[in-house]
>>> print(open('work-v1.cif').read())   # mmCIF, C-alpha atoms
data_input
loop_
_atom_site.label_atom_id
_atom_site.label_comp_id
_atom_site.auth_asym_id
_atom_site.auth_seq_id
_atom_site.Cartn_x
_atom_site.Cartn_y
_atom_site.Cartn_z
CA MET K 239 98.19 65.25 164.01
CA ILE K 240 100.47 62.27 164.58
CA HIS K 241 101.67 61.56 168.11
CA ALA K 242 105.44 61.38 168.76
CA ASP K 243 105.40 57.67 169.68
CA THR K 244 103.43 56.84 166.54
CA PHE K 245 105.80 58.90 164.40
CA ASN K 246 108.86 57.21 165.88
CA ALA K 247 107.41 53.71 165.50
CA PHE K 248 106.31 54.29 161.90
CA VAL K 249 109.67 55.82 160.95
CA ASP K 250 111.46 52.85 162.55
CA ARG K 251 109.34 50.45 160.53
CA THR K 252 109.48 52.21 157.16
CA PHE K 253 113.16 53.16 157.34
CA SER K 254 114.30 49.80 158.76
CA PHE K 255 116.29 49.24 155.55
CA LEU K 256 118.80 51.83 156.81
CA ALA K 257 119.80 49.36 159.54
CA THR K 258 119.50 46.15 157.56
CA ASP K 259 120.86 47.25 154.16
CA TYR K 260 123.22 50.06 155.18
CA LYS K 261 124.22 49.04 158.73
CA MET K 262 123.18 52.44 160.09
CA THR K 263 122.18 52.77 163.72
CA GLN K 264 119.49 54.97 165.14
CA ASP K 265 121.45 57.90 166.51
CA GLY K 266 118.66 59.40 168.49
CA VAL K 267 115.14 60.66 168.64
CA LYS K 268 114.44 64.29 169.40
CA ILE K 269 110.94 65.22 170.49
CA SER K 270 110.06 68.84 171.21
CA GLY K 271 106.59 68.73 172.70
CA ASN K 272 104.04 68.04 170.01
CA ALA K 273 105.69 70.45 167.55
CA PHE K 274 108.88 68.77 166.32
CA TYR K 275 109.96 65.15 165.93
CA ASP K 276 113.32 64.04 164.54
CA VAL K 277 114.71 60.52 164.12
CA ARG K 278 118.33 60.12 163.01
CA TYR K 279 120.25 57.21 161.60
CA GLN K 280 124.04 57.31 161.39
CA ASP K 281 127.06 55.44 160.16
CA SER K 282 130.69 56.55 160.07
CA ALA K 283 130.18 58.72 156.97
CA LYS K 284 126.67 60.15 157.17
CA VAL K 285 123.57 60.99 159.16
CA ILE K 286 120.05 60.72 157.78
CA SER K 287 117.54 62.95 159.55
CA ILE K 288 113.81 62.21 159.26
CA SER K 289 111.86 65.06 160.79
CA LEU K 290 108.36 66.44 161.10
CA GLU K 291 107.50 69.94 162.20
CA THR K 292 103.82 69.64 163.07
CA ILE K 293 102.90 73.31 163.40
CA GLU K 294 103.97 74.16 159.83
CA ASP K 295 103.30 70.58 158.66
CA ILE K 296 106.81 70.24 157.19
CA PHE K 297 108.27 66.77 156.70
CA GLN K 298 111.90 66.44 155.64
CA VAL K 299 114.46 63.76 154.97
CA ILE K 300 117.99 65.15 154.87
CA LEU K 301 121.27 63.35 154.34
CA PHE K 302 124.32 64.97 155.97
CA ARG K 303 127.85 63.87 155.10
CA LEU K 304 129.94 63.94 158.25
CA GLU K 305 133.21 65.82 158.34
CA ASN K 306 135.63 64.57 160.98
CA GLY K 307 132.66 62.85 162.62
CA LYS K 308 130.67 66.09 162.91
CA LEU K 309 127.54 67.33 161.21
CA PRO K 310 128.07 70.07 158.65
CA ASP K 311 126.37 73.43 158.82
CA TYR K 312 122.80 73.12 157.54
CA ASP K 313 123.60 75.59 154.73
CA ASP K 314 126.63 73.60 153.51
CA LYS K 315 125.21 72.42 150.19
CA SER K 316 128.25 70.24 149.49
CA ARG K 317 127.57 68.09 152.57
CA THR K 318 123.79 68.45 152.97
CA ILE K 319 121.41 66.81 150.51
CA HIS K 320 117.63 66.96 150.81
CA LEU K 321 115.62 63.98 149.61
CA ASN K 322 113.77 66.12 147.08
CA GLN K 323 117.09 66.92 145.38
CA MET K 324 118.09 63.26 145.32
CA THR K 325 114.76 62.28 143.79
CA THR K 326 115.07 64.99 141.12
CA ASP K 327 118.53 63.72 140.20
CA ILE K 328 117.94 59.98 140.41
CA LEU K 329 114.35 58.80 140.08
CA PRO K 330 113.99 59.74 136.38
CA THR K 331 116.80 57.25 135.63
CA VAL K 332 115.35 54.31 137.57
CA ASP K 333 113.66 51.64 135.46
CA LYS K 334 110.17 50.25 136.04
CA PRO K 335 111.29 46.83 137.31
CA GLU K 336 113.35 48.49 140.02
CA PHE K 337 110.38 50.64 141.09
CA ALA K 338 108.24 47.49 141.18
CA ALA K 339 110.81 45.62 143.32
CA ASN K 340 111.01 48.59 145.68
CA ASN K 341 107.22 48.70 146.01
CA ARG K 342 107.19 44.99 146.85
CA PHE K 343 109.74 45.63 149.61
CA PHE K 344 107.25 47.99 151.29
CA GLN K 345 104.03 46.14 150.41
CA ASP K 346 103.24 45.08 153.98
CA ILE K 347 103.34 48.62 155.36
CA LYS K 348 99.90 50.22 155.44
CA PRO K 349 99.78 53.93 156.35
CA ALA K 350 96.94 55.00 158.62
CA ASP K 351 96.80 58.67 157.62
CA LYS K 352 98.28 61.36 155.34
CA THR K 353 101.39 61.81 157.51
CA GLU K 354 102.17 58.09 157.41
CA GLU K 355 101.58 58.12 153.63
CA LEU K 356 104.19 60.88 153.32
CA ILE K 357 106.64 58.98 155.52
CA LEU K 358 106.18 55.81 153.45
CA LYS K 359 106.60 57.70 150.17
CA SER K 360 109.84 59.23 151.45
CA ALA K 361 111.17 55.86 152.63
CA LYS K 362 110.49 54.37 149.21
CA GLU K 363 112.24 57.26 147.49
CA LEU K 364 115.23 57.22 149.83
CA ARG K 365 115.73 53.48 149.42
CA LEU K 366 115.89 53.87 145.64
CA CYS K 367 118.11 56.94 145.81
CA LEU K 368 120.65 55.44 148.20
CA ARG K 369 121.35 52.71 145.66
CA TYR K 370 122.88 55.36 143.38
CA TYR K 371 124.64 57.70 145.76
CA ASN K 372 128.02 56.65 147.04
CA THR K 373 129.32 57.46 150.51
CA THR K 374 130.75 60.80 149.38
CA LEU K 375 127.26 61.88 148.26
CA GLU K 376 128.38 62.29 144.69
CA MET K 377 126.47 60.89 141.78
CA PRO K 378 128.19 57.84 140.35
CA THR K 379 128.88 57.78 136.65
CA THR K 380 126.92 54.58 136.12
CA HIS K 381 124.17 52.74 137.95
CA ARG K 382 124.76 49.32 139.45
#
>>> encode(input="work-v1.cif", output="structure tokens")
Amino acid sequence: MIHADTFNAFVDRTFSFLATDYKMTQDGVKISGNAFYDVRYQDSAKVISISLETIEDIFQVILFRLENGKLPDYDDKSRTIHLNQMTTDILPTVDKPEFAANNRFFQDIKPADKTEELILKSAKELRLCLRYYNTTLEMPTTHR
């Protein structure tokens, strides 16, 4: 099991592109004992939650579109998008050179265990997906 400090540090490192490329700020870290860890990044339009529930071994990356500066209800499918849905929609359309460039971006990050491997995989997927989602969380008609 990954310790909270290790989780937070590895998330900060692997998701650093949210700050550098998207000007998002870390909006907080929530630690509930050794059972739940959540790191959030936010800008004026959205919040990205990166969380691990250690008891059930559930790792999630969720993008929430803010409404009047507030988080939507978790069940609001129009304003809540899970990374797995983004990857289903987008990754089949990404070409091999873009995957290769994305892999090079992360080449210096070496996961120490299965949890860190999952975090790194999710960061890679999110970075690719964010290139094709606009701020309203709608699919654009064409890729850049």
>>> resolve_selection(input="work-v1.cif", expression="the PyMOL selection byres ((chain K and resi 252) around 9)", output="list of chain:residue names")
K:Ala247, K:Phe248, K:Val249, K:Asp250, K:Arg251, K:Phe253, K:Ser254, K:Phe255, K:Phe344, K:Ile347, K:Ile357, K:Leu358, K:Ala361, K:Lys362
>>> atom_distance(input="work-v1.cif", atom1="CA of Ile328 in chain K", atom2="CA of Tyr260 in chain K")
18.6 Å
>>> axis_aligned_box(input="work-v1.cif", around="range 285-298 of chain K", padding_each_side="8 Å", output="AutoDock Vina command-line options")
--center_x 113.2 --center_y 67.4 --center_z 159.5 --size_x 36.7 --size_y 29.4 --size_z 23.8
>>> closest_residue(input="work-v1.cif", among="K:Ala242, K:Leu256, K:Ile300, K:Ile269", to="Thr318 in chain K", atoms="all atoms listed in the file")
K:Ile300
>>> residues_near_point(input="work-v1.cif", point="(101.4, 62.6, 166.1)", cutoff="10 Å", atoms="only C-alpha atoms", output="PyMOL selection string")
chain K and resi 239-246+272-275+290+292+353-354
>>> write_last_selection(input="work-v1.cif", atoms="C-alpha atoms", output="CSV table (one decimal), keeping the file's coordinate frame")
chain,number,residue,atom,x,y,z
K,239,MET,CA,98.2,65.2,164.0
K,240,ILE,CA,100.5,62.3,164.6
K,241,HIS,CA,101.7,61.6,168.1
K,242,ALA,CA,105.4,61.4,168.8
K,243,ASP,CA,105.4,57.7,169.7
K,244,THR,CA,103.4,56.8,166.5
K,245,PHE,CA,105.8,58.9,164.4
K,246,ASN,CA,108.9,57.2,165.9
K,272,ASN,CA,104.0,68.0,170.0
K,273,ALA,CA,105.7,70.4,167.6
K,274,PHE,CA,108.9,68.8,166.3
K,275,TYR,CA,110.0,65.2,165.9
K,290,LEU,CA,108.4,66.4,161.1
K,292,THR,CA,103.8,69.6,163.1
K,353,THR,CA,101.4,61.8,157.5
K,354,GLU,CA,102.2,58.1,157.4
>>> atom_distance(input="work-v1.cif", atom1="CA of Lys359 in chain K", atom2="CA of Gln264 in chain K")
19.9 Å
>>> residues_around(input="work-v1.cif", residues="Val299 in chain K", least_positions_apart="3", cutoff="9 Å", atoms="only C-alpha atoms", output="ChimeraX atom specification")
/K:286-289,319-322,360-361,364
>>> atom_distance(input="work-v1.cif", atom1="CA of Tyr370 in chain K", atom2="CA of Glu336 in chain K")
12.2 Å
>>> closest_residue(input="work-v1.cif", among="K:Asp314, K:Gln280, K:Ala350, K:Pro330", to="Val267 in chain K", atoms="only C-alpha atoms")
K:Gln280
>>> resolve_selection(input="work-v1.cif", expression="the PyMOL selection byres ((chain K and resi 309) around 12)", output="number ranges by chain")
K: 278, 280-287, 300-308, 310-314, 317-318
>>> closest_residue(input="work-v1.cif", among="K:Arg342, K:Lys315, K:Arg365, K:Lys348", to="Leu329 in chain K", atoms="all atoms listed in the file")
K:Arg365
>>> build_atoms(input="work-v1.cif", residues="range 322-333 of chain K", atoms="all heavy atoms", output="mmCIF file, in the coordinates of the input")
data_model
loop_
_atom_site.group_PDB
_atom_site.id
_atom_site.type_symbol
_atom_site.label_atom_id
_atom_site.label_comp_id
_atom_site.auth_asym_id
_atom_site.auth_seq_id
_atom_site.Cartn_x
_atom_site.Cartn_y
_atom_site.Cartn_z
ATOM 1 N N ASN K 322 114.384 65.646 148.320
ATOM 2 C CA ASN K 322 113.770 66.120 147.080
ATOM 3 C C ASN K 322 114.817 66.354 145.990
ATOM 4 O O ASN K 322 114.549 66.148 144.805
ATOM 5 C CB ASN K 322 112.894 67.348 147.303
ATOM 6 C CG ASN K 322 113.630 68.534 147.864
ATOM 7 O OD1 ASN K 322 114.814 68.467 148.210
ATOM 8 N ND2 ASN K 322 112.931 69.641 147.980
ATOM 9 N N GLN K 323 116.027 66.756 146.370
ATOM 10 C CA GLN K 323 117.090 66.920 145.380
ATOM 11 C C GLN K 323 117.569 65.570 144.860
ATOM 12 O O GLN K 323 117.799 65.396 143.666
ATOM 13 C CB GLN K 323 118.276 67.698 145.959
ATOM 14 C CG GLN K 323 119.379 67.953 144.944
ATOM 15 C CD GLN K 323 118.899 68.762 143.751
ATOM 16 O OE1 GLN K 323 118.273 69.807 143.928
ATOM 17 N NE2 GLN K 323 119.147 68.284 142.555
ATOM 18 N N MET K 324 117.690 64.605 145.752
ATOM 19 C CA MET K 324 118.090 63.260 145.320
ATOM 20 C C MET K 324 117.073 62.682 144.347
ATOM 21 O O MET K 324 117.441 62.108 143.329
ATOM 22 C CB MET K 324 118.254 62.334 146.520
ATOM 23 C CG MET K 324 119.528 62.546 147.288
ATOM 24 S SD MET K 324 119.839 61.230 148.495
ATOM 25 C CE MET K 324 118.862 61.812 149.874
ATOM 26 N N THR K 325 115.786 62.849 144.671
ATOM 27 C CA THR K 325 114.760 62.280 143.790
ATOM 28 C C THR K 325 114.753 62.968 142.429
ATOM 29 O O THR K 325 114.548 62.312 141.413
ATOM 30 C CB THR K 325 113.354 62.354 144.423
ATOM 31 O OG1 THR K 325 113.013 63.705 144.681
ATOM 32 C CG2 THR K 325 113.277 61.537 145.695
ATOM 33 N N THR K 326 114.989 64.264 142.397
ATOM 34 C CA THR K 326 115.070 64.990 141.120
ATOM 35 C C THR K 326 116.219 64.456 140.279
ATOM 36 O O THR K 326 116.081 64.288 139.062
ATOM 37 C CB THR K 326 115.256 66.504 141.378
ATOM 38 O OG1 THR K 326 114.117 66.986 142.091
ATOM 39 C CG2 THR K 326 115.413 67.272 140.084
ATOM 40 N N ASP K 327 117.346 64.186 140.916
ATOM 41 C CA ASP K 327 118.530 63.720 140.200
ATOM 42 C C ASP K 327 118.431 62.263 139.772
ATOM 43 O O ASP K 327 118.920 61.891 138.709
ATOM 44 C CB ASP K 327 119.784 63.859 141.083
ATOM 45 C CG ASP K 327 120.158 65.301 141.363
ATOM 46 O OD1 ASP K 327 119.674 66.208 140.655
ATOM 47 O OD2 ASP K 327 120.937 65.518 142.316
ATOM 48 N N ILE K 328 117.830 61.423 140.609
ATOM 49 C CA ILE K 328 117.940 59.980 140.410
ATOM 50 C C ILE K 328 116.688 59.300 139.870
ATOM 51 O O ILE K 328 116.775 58.488 138.951
ATOM 52 C CB ILE K 328 118.360 59.305 141.735
ATOM 53 C CG1 ILE K 328 119.774 59.746 142.076
ATOM 54 C CG2 ILE K 328 118.280 57.793 141.639
ATOM 55 C CD1 ILE K 328 120.242 59.282 143.419
ATOM 56 N N LEU K 329 115.527 59.598 140.422
ATOM 57 C CA LEU K 329 114.350 58.800 140.080
ATOM 58 C C LEU K 329 114.017 58.773 138.587
ATOM 59 O O LEU K 329 113.549 57.739 138.097
ATOM 60 C CB LEU K 329 113.141 59.243 140.902
ATOM 61 C CG LEU K 329 113.244 58.931 142.400
ATOM 62 C CD1 LEU K 329 111.927 59.209 143.095
ATOM 63 C CD2 LEU K 329 113.722 57.520 142.678
ATOM 64 N N PRO K 330 114.264 59.832 137.821
ATOM 65 C CA PRO K 330 113.990 59.740 136.380
ATOM 66 C C PRO K 330 114.827 58.673 135.658
ATOM 67 O O PRO K 330 114.469 58.237 134.565
ATOM 68 C CB PRO K 330 114.317 61.132 135.846
ATOM 69 C CG PRO K 330 114.151 62.029 137.019
ATOM 70 C CD PRO K 330 114.603 61.211 138.203
ATOM 71 N N THR K 331 115.915 58.235 136.274
ATOM 72 C CA THR K 331 116.800 57.250 135.630
ATOM 73 C C THR K 331 116.522 55.822 136.078
ATOM 74 O O THR K 331 117.126 54.896 135.553
ATOM 75 C CB THR K 331 118.279 57.587 135.907
ATOM 76 O OG1 THR K 331 118.545 57.410 137.304
ATOM 77 C CG2 THR K 331 118.610 59.023 135.504
ATOM 78 N N VAL K 332 115.634 55.640 137.045
ATOM 79 C CA VAL K 332 115.350 54.310 137.570
ATOM 80 C C VAL K 332 114.323 53.622 136.680
ATOM 81 O O VAL K 332 113.310 54.225 136.312
ATOM 82 C CB VAL K 332 114.842 54.397 139.035
ATOM 83 C CG1 VAL K 332 114.463 53.030 139.573
ATOM 84 C CG2 VAL K 332 115.892 55.057 139.918
ATOM 85 N N ASP K 333 114.580 52.350 136.356
ATOM 86 C CA ASP K 333 113.660 51.640 135.460
ATOM 87 C C ASP K 333 112.466 51.062 136.217
ATOM 88 O O ASP K 333 112.481 50.923 137.437
ATOM 89 C CB ASP K 333 114.395 50.567 134.655
ATOM 90 C CG ASP K 333 115.037 49.489 135.514
ATOM 91 O OD1 ASP K 333 114.659 49.338 136.692
ATOM 92 O OD2 ASP K 333 115.926 48.799 135.005
#
